[in-house]
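Peer 1: As input, take coords_28.cif (mmCIF, C-alpha atoms):
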```
data_model
#
loop_
_atom_site.group_PDB
_atom_site.id
_atom_site.type_symbol
_atom_site.label_atom_id
_atom_site.label_comp_id
_atom_site.auth_asym_id
_atom_site.auth_seq_id
_atom_site.Cartn_x
_atom_site.Cartn_y
_atom_site.Cartn_z
ATOM 1 C CA MET P 180 -70.443 163.275 -160.824
ATOM 2 C CA GLU P 181 -70.516 159.757 -159.422
ATOM 3 C CA TYR P 182 -72.770 159.664 -156.342
ATOM 4 C CA ARG P 183 -70.143 158.455 -153.851
ATOM 5 C CA ASP P 184 -67.807 161.251 -154.927
ATOM 6 C CA LEU P 185 -70.623 163.787 -154.737
ATOM 7 C CA ILE P 186 -71.581 162.995 -151.130
ATOM 8 C CA ARG P 187 -67.943 162.991 -150.040
ATOM 9 C CA GLN P 188 -66.978 166.210 -151.835
ATOM 10 C CA ARG P 189 -70.045 168.363 -151.157
ATOM 11 C CA CYS P 190 -69.235 171.028 -148.577
ATOM 12 C CA SER P 191 -70.755 174.173 -147.117
ATOM 13 C CA VAL P 192 -69.857 177.298 -149.081
ATOM 14 C CA ARG P 193 -69.631 180.701 -147.441
ATOM 15 C CA ARG P 194 -68.199 182.782 -150.290
ATOM 16 C CA PHE P 195 -70.027 183.172 -153.581
ATOM 17 C CA ARG P 196 -69.394 184.781 -156.940
ATOM 18 C CA PRO P 197 -72.116 187.190 -158.106
ATOM 19 C CA ASP P 198 -72.609 185.274 -161.390
ATOM 20 C CA PRO P 199 -76.277 184.506 -162.063
ATOM 21 C CA VAL P 200 -77.458 180.905 -161.899
ATOM 22 C CA PRO P 201 -78.975 179.938 -165.259
ATOM 23 C CA GLU P 202 -82.659 179.109 -165.115
ATOM 24 C CA ALA P 203 -81.983 175.580 -166.404
ATOM 25 C CA LEU P 204 -79.707 174.880 -163.399
ATOM 26 C CA GLN P 205 -82.251 176.403 -161.021
ATOM 27 C CA ASN P 206 -84.849 174.069 -162.467
ATOM 28 C CA GLU P 207 -82.529 171.051 -162.064
ATOM 29 C CA VAL P 208 -82.030 171.621 -158.342
ATOM 30 C CA LEU P 209 -85.696 172.443 -157.759
ATOM 31 C CA GLU P 210 -86.702 169.289 -159.610
ATOM 32 C CA ALA P 211 -84.384 167.257 -157.351
ATOM 33 C CA ALA P 212 -86.243 168.605 -154.309
ATOM 34 C CA ARG P 213 -89.587 167.789 -155.919
ATOM 35 C CA ALA P 214 -88.406 164.219 -156.530
ATOM 36 C CA ALA P 215 -87.464 163.685 -152.869
ATOM 37 C CA PRO P 216 -89.328 161.017 -150.917
ATOM 38 C CA SER P 217 -91.876 162.107 -148.337
ATOM 39 C CA ALA P 218 -94.125 160.233 -145.927
ATOM 40 C CA ALA P 219 -97.167 158.933 -147.831
ATOM 41 C CA ASN P 220 -95.891 161.047 -150.777
ATOM 42 C CA ARG P 221 -97.620 164.091 -149.301
ATOM 43 C CA GLN P 222 -94.833 166.572 -150.235
ATOM 44 C CA PRO P 223 -95.722 168.957 -147.388
ATOM 45 C CA PHE P 224 -93.154 171.594 -148.298
ATOM 46 C CA ARG P 225 -92.729 174.690 -150.399
ATOM 47 C CA LEU P 226 -89.519 176.166 -151.770
ATOM 48 C CA ILE P 227 -89.217 179.930 -151.894
ATOM 49 C CA VAL P 228 -86.527 181.095 -154.318
ATOM 50 C CA ILE P 229 -85.337 184.554 -153.311
ATOM 51 C CA ARG P 230 -83.388 186.806 -155.664
ATOM 52 C CA THR P 231 -80.818 188.611 -153.504
ATOM 53 C CA GLU P 232 -80.037 191.595 -155.719
ATOM 54 C CA GLY P 233 -81.002 194.796 -153.909
ATOM 55 C CA ARG P 234 -82.265 192.890 -150.839
ATOM 56 C CA LYS P 235 -79.078 192.381 -148.787
ATOM 57 C CA ALA P 236 -80.176 194.399 -145.711
ATOM 58 C CA GLU P 237 -83.603 192.789 -145.684
ATOM 59 C CA LEU P 238 -82.155 189.278 -146.021
ATOM 60 C CA GLU P 239 -79.535 189.869 -143.328
ATOM 61 C CA ARG P 240 -82.460 190.316 -140.932
ATOM 62 C CA ILE P 241 -83.157 186.617 -141.506
ATOM 63 C CA TYR P 242 -79.543 185.546 -140.979
ATOM 64 C CA GLY P 243 -76.988 188.181 -140.093
ATOM 65 C CA ARG P 244 -73.855 186.789 -141.716
ATOM 66 C CA PRO P 245 -72.568 188.926 -144.616
ATOM 67 C CA TRP P 246 -72.094 185.903 -146.912
ATOM 68 C CA PHE P 247 -75.743 184.830 -146.575
ATOM 69 C CA ALA P 248 -76.967 187.237 -149.264
ATOM 70 C CA GLU P 249 -73.767 187.123 -151.358
ATOM 71 C CA ALA P 250 -75.058 184.435 -153.735
ATOM 72 C CA PRO P 251 -77.533 185.521 -156.409
ATOM 73 C CA LEU P 252 -80.226 183.278 -154.912
ATOM 74 C CA ILE P 253 -81.348 181.999 -151.541
ATOM 75 C CA VAL P 254 -83.755 179.098 -151.182
ATOM 76 C CA CYS P 255 -86.039 178.725 -148.189
ATOM 77 C CA ALA P 256 -87.512 175.291 -147.542
ATOM 78 C CA ALA P 257 -90.768 175.714 -145.653
ATOM 79 C CA ALA P 258 -92.977 173.042 -144.113
ATOM 80 C CA VAL P 259 -96.755 172.898 -144.408
ATOM 81 C CA PRO P 260 -97.705 170.676 -141.443
ATOM 82 C CA SER P 261 -101.397 170.522 -142.394
ATOM 83 C CA GLU P 262 -100.424 168.657 -145.581
ATOM 84 C CA ALA P 263 -98.102 166.146 -143.899
ATOM 85 C CA TRP P 264 -98.563 162.556 -142.868
ATOM 86 C CA THR P 265 -98.952 162.193 -139.101
ATOM 87 C CA HIS P 266 -97.939 159.053 -137.228
ATOM 88 C CA THR P 267 -100.500 157.425 -134.906
ATOM 89 C CA ASP P 268 -98.413 158.729 -131.970
ATOM 90 C CA GLY P 269 -99.104 162.300 -133.170
ATOM 91 C CA THR P 270 -95.693 162.979 -134.743
ATOM 92 C CA ASN P 271 -96.116 165.181 -137.796
ATOM 93 C CA TYR P 272 -93.515 164.478 -140.499
ATOM 94 C CA ALA P 273 -93.598 167.863 -142.285
ATOM 95 C CA TRP P 274 -90.188 168.943 -140.974
ATOM 96 C CA VAL P 275 -88.597 165.590 -141.819
ATOM 97 C CA ASP P 276 -90.006 165.650 -145.346
ATOM 98 C CA THR P 277 -88.925 169.265 -145.835
ATOM 99 C CA ALA P 278 -85.395 168.435 -144.658
ATOM 100 C CA ILE P 279 -85.202 165.531 -147.115
ATOM 101 C CA ALA P 280 -86.269 167.822 -149.972
ATOM 102 C CA MET P 281 -83.650 170.405 -148.972
ATOM 103 C CA ASP P 282 -80.971 167.712 -148.834
ATOM 104 C CA HIS P 283 -81.883 166.573 -152.357
ATOM 105 C CA LEU P 284 -81.681 170.202 -153.534
ATOM 106 C CA ILE P 285 -78.258 170.696 -151.932
ATOM 107 C CA LEU P 286 -76.823 167.506 -153.427
ATOM 108 C CA ALA P 287 -78.206 168.361 -156.873
ATOM 109 C CA ALA P 288 -76.679 171.839 -156.610
ATOM 110 C CA ALA P 289 -73.265 170.376 -155.773
ATOM 111 C CA ASN P 290 -73.593 168.002 -158.717
ATOM 112 C CA GLU P 291 -74.116 171.023 -160.993
ATOM 113 C CA GLY P 292 -71.091 172.900 -159.591
ATOM 114 C CA LEU P 293 -73.188 175.212 -157.403
ATOM 115 C CA GLY P 294 -72.463 176.010 -153.775
ATOM 116 C CA THR P 295 -74.867 175.870 -150.839
ATOM 117 C CA CYS P 296 -74.772 176.134 -147.073
ATOM 118 C CA TRP P 297 -77.551 174.723 -144.900
ATOM 119 C CA VAL P 298 -78.706 177.509 -142.538
ATOM 120 C CA ALA P 299 -80.986 176.650 -139.629
ATOM 121 C CA ALA P 300 -79.923 179.288 -137.061
ATOM 122 C CA PHE P 301 -82.026 182.032 -138.626
ATOM 123 C CA ASP P 302 -84.491 184.516 -137.124
ATOM 124 C CA ARG P 303 -87.836 182.804 -137.609
ATOM 125 C CA ALA P 304 -89.917 185.941 -137.036
ATOM 126 C CA ALA P 305 -87.860 187.922 -139.553
ATOM 127 C CA ALA P 306 -88.112 185.074 -142.067
ATOM 128 C CA ARG P 307 -91.889 184.967 -141.703
ATOM 129 C CA GLU P 308 -92.146 188.728 -142.176
ATOM 130 C CA VAL P 309 -89.647 189.144 -145.037
ATOM 131 C CA LEU P 310 -91.098 186.222 -146.998
ATOM 132 C CA GLY P 311 -94.741 186.958 -146.175
ATOM 133 C CA LEU P 312 -95.341 183.419 -144.950
ATOM 134 C CA PRO P 313 -98.977 182.686 -144.144
ATOM 135 C CA ASP P 314 -100.082 181.007 -140.925
ATOM 136 C CA GLY P 315 -99.535 177.278 -141.107
ATOM 137 C CA VAL P 316 -96.288 177.540 -143.105
ATOM 138 C CA GLU P 317 -93.055 177.110 -141.142
ATOM 139 C CA PRO P 318 -89.582 178.032 -142.403
ATOM 140 C CA VAL P 319 -87.267 175.057 -141.789
ATOM 141 C CA ALA P 320 -83.979 175.861 -143.519
ATOM 142 C CA PHE P 321 -82.325 178.274 -145.913
ATOM 143 C CA THR P 322 -79.439 177.955 -148.320
ATOM 144 C CA PRO P 323 -77.658 180.459 -150.508
ATOM 145 C CA LEU P 324 -77.398 179.108 -154.058
ATOM 146 C CA GLY P 325 -74.647 180.234 -156.393
ATOM 147 C CA TYR P 326 -71.179 179.607 -157.729
ATOM 148 C CA PRO P 327 -68.527 179.100 -155.041
ATOM 149 C CA ASP P 328 -65.800 181.734 -154.739
ATOM 150 C CA GLU P 329 -63.597 179.584 -152.533
ATOM 151 C CA PRO P 330 -61.958 176.181 -152.762
ATOM 152 C CA PRO P 331 -63.789 173.303 -151.062
ATOM 153 C CA GLY P 332 -63.137 173.167 -147.346
ATOM 154 C CA LYS P 333 -61.831 170.132 -145.531
ATOM 155 C CA LYS P 334 -64.654 168.110 -144.014
ATOM 156 C CA VAL P 335 -64.145 166.495 -140.636
ATOM 157 C CA ARG P 336 -66.431 163.563 -139.916
ATOM 158 C CA LYS P 337 -66.604 161.030 -137.124
ATOM 159 C CA PRO P 338 -65.616 157.503 -138.068
ATOM 160 C CA VAL P 339 -68.555 155.319 -139.083
ATOM 161 C CA ASN P 340 -68.048 153.015 -136.079
ATOM 162 C CA GLU P 341 -68.914 155.949 -133.771
ATOM 163 C CA LEU P 342 -72.180 156.586 -135.599
ATOM 164 C CA VAL P 343 -73.544 153.141 -136.420
ATOM 165 C CA LYS P 344 -74.912 150.432 -134.123
ATOM 166 C CA PHE P 345 -76.046 147.025 -135.306
ATOM 167 C CA ASP P 346 -79.065 145.213 -133.884
ATOM 168 C CA ARG P 347 -79.116 147.072 -130.533
ATOM 169 C CA TRP P 348 -77.691 150.174 -128.909
#
```
Before we go any further, please render this structure as structure tokens.
Peer 2:
Amino acid sequence: MEYRDLIRQRCSVRRFRPDPVPEALQNEVLEAARAAPSAANRQPFRLIVIRTEGRKAELERIYGRPWFAEAPLIVCAAAVPSEAWTHTDGTNYAWVDTAIAMDHLILAAANEGLGTCWVAAFDRAAAREVLGLPDGVEPVAFTPLGYPDEPPGKKVRKPVNELVKFDRW
């Protein structure tokens, strides 16, 4: 798909078919995340690919919406702050870099005809427990990954002139 069309047409999906995602497509979207830019090229993130079959109740502890575990896969993007570049003012860029990687993954998935939905309102303690995350690894975002079982939704966006300033605020 042409990039401009891709970024305009990509939407959040909340209904998925149970069809498995071929390994080659999984690898494509994971490679897109790996190729994402990060501060000082540190890549301070990890992607946890979760197979949902037989784990619905456990996964709903992380995010309690029924559609969350409907797709055959869920991807968790987790930050590793100790590996990240830190600005001289003390700002650690692990979360920014992890978000960029997740965005690349989501766009690549849409390009391959797969649906995603960025989930940030999850139970962090449940995520840590269910995924066995070690200390020093922070879950940042989740997305189901699978084939959409609904038509694309209408996206409402603010006009660009409300979002962009030139030269000064």
Peer 1: Enumerate, in order of chain and increasing residue number, the residues of region 289-347 of chain P with an atom no farther than 10 Å from region 210-225 of chain P, each with its shortest atom pair and distance in Å to one decimal, counting only C-alpha atoms, as JSON lines.
Peer 2:
```
{"residue": "P:Val316", "atom": "CA", "partner": "P:Phe224", "partner_atom": "CA", "distance": 8.5}
{"residue": "P:Glu317", "atom": "CA", "partner": "P:Phe224", "partner_atom": "CA", "distance": 9.0}
{"residue": "P:Pro318", "atom": "CA", "partner": "P:Arg225", "partner_atom": "CA", "distance": 9.2}
{"residue": "P:Val319", "atom": "CA", "partner": "P:Phe224", "partner_atom": "CA", "distance": 9.4}
```
Peer 1: Tell me which protein, DNA and RNA residues are within 6 Å of region 186-197 of chain P, counting all atoms listed in the file, leaving out same-chain ones fewer than 6 positions away, and put them as number ranges by chain.
Peer 2: P: 246, 249-251, 289, 294-296, 326-328
Peer 1: For a cut-off of 9 Å around (-77.8, 173.5, -143.1), file coordinates, pick out all residues using only C-alpha atoms and list them as number ranges by chain.
Peer 2: P: 191, 281-282, 295-300, 320-322
Peer 1: Using all atoms listed in the file, pick whichever of P:Leu209, P:Ala257, P:Leu204, P:Leu185 has the shortest atom-to-atom distance to Arg307 (chain P).
Peer 2: P:Ala257
Peer 1: Rounded to one decimal place, report the CA of Pro331 (chain P)-CA of Ala287 (chain P) distance in Å.
Peer 2: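 Distance reported for this atom pair: 16.3 Å.
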Peer 1: Could you give me, as a PyMOL selection string, the residues that sit within 7 Å of (-85.0, 184.1, -152.2) in the file's coordinates, counting only C-alpha atoms?
Peer 2: chain P and resi 227-231+252-255
Peer 1: What does the structure give for the distance between CA of Glu202 (chain P) and CA of Tyr182 (chain P), in Å to one decimal?
Peer 2: 23.5 Å
Peer 1: One decimal, in Å: what's the spacing between CA of Leu324 (chain P) and CA of Leu293 (chain P)?
Peer 2: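 Separation between CA of Leu324 (chain P) and CA of Leu293 (chain P): 6.6 Å.
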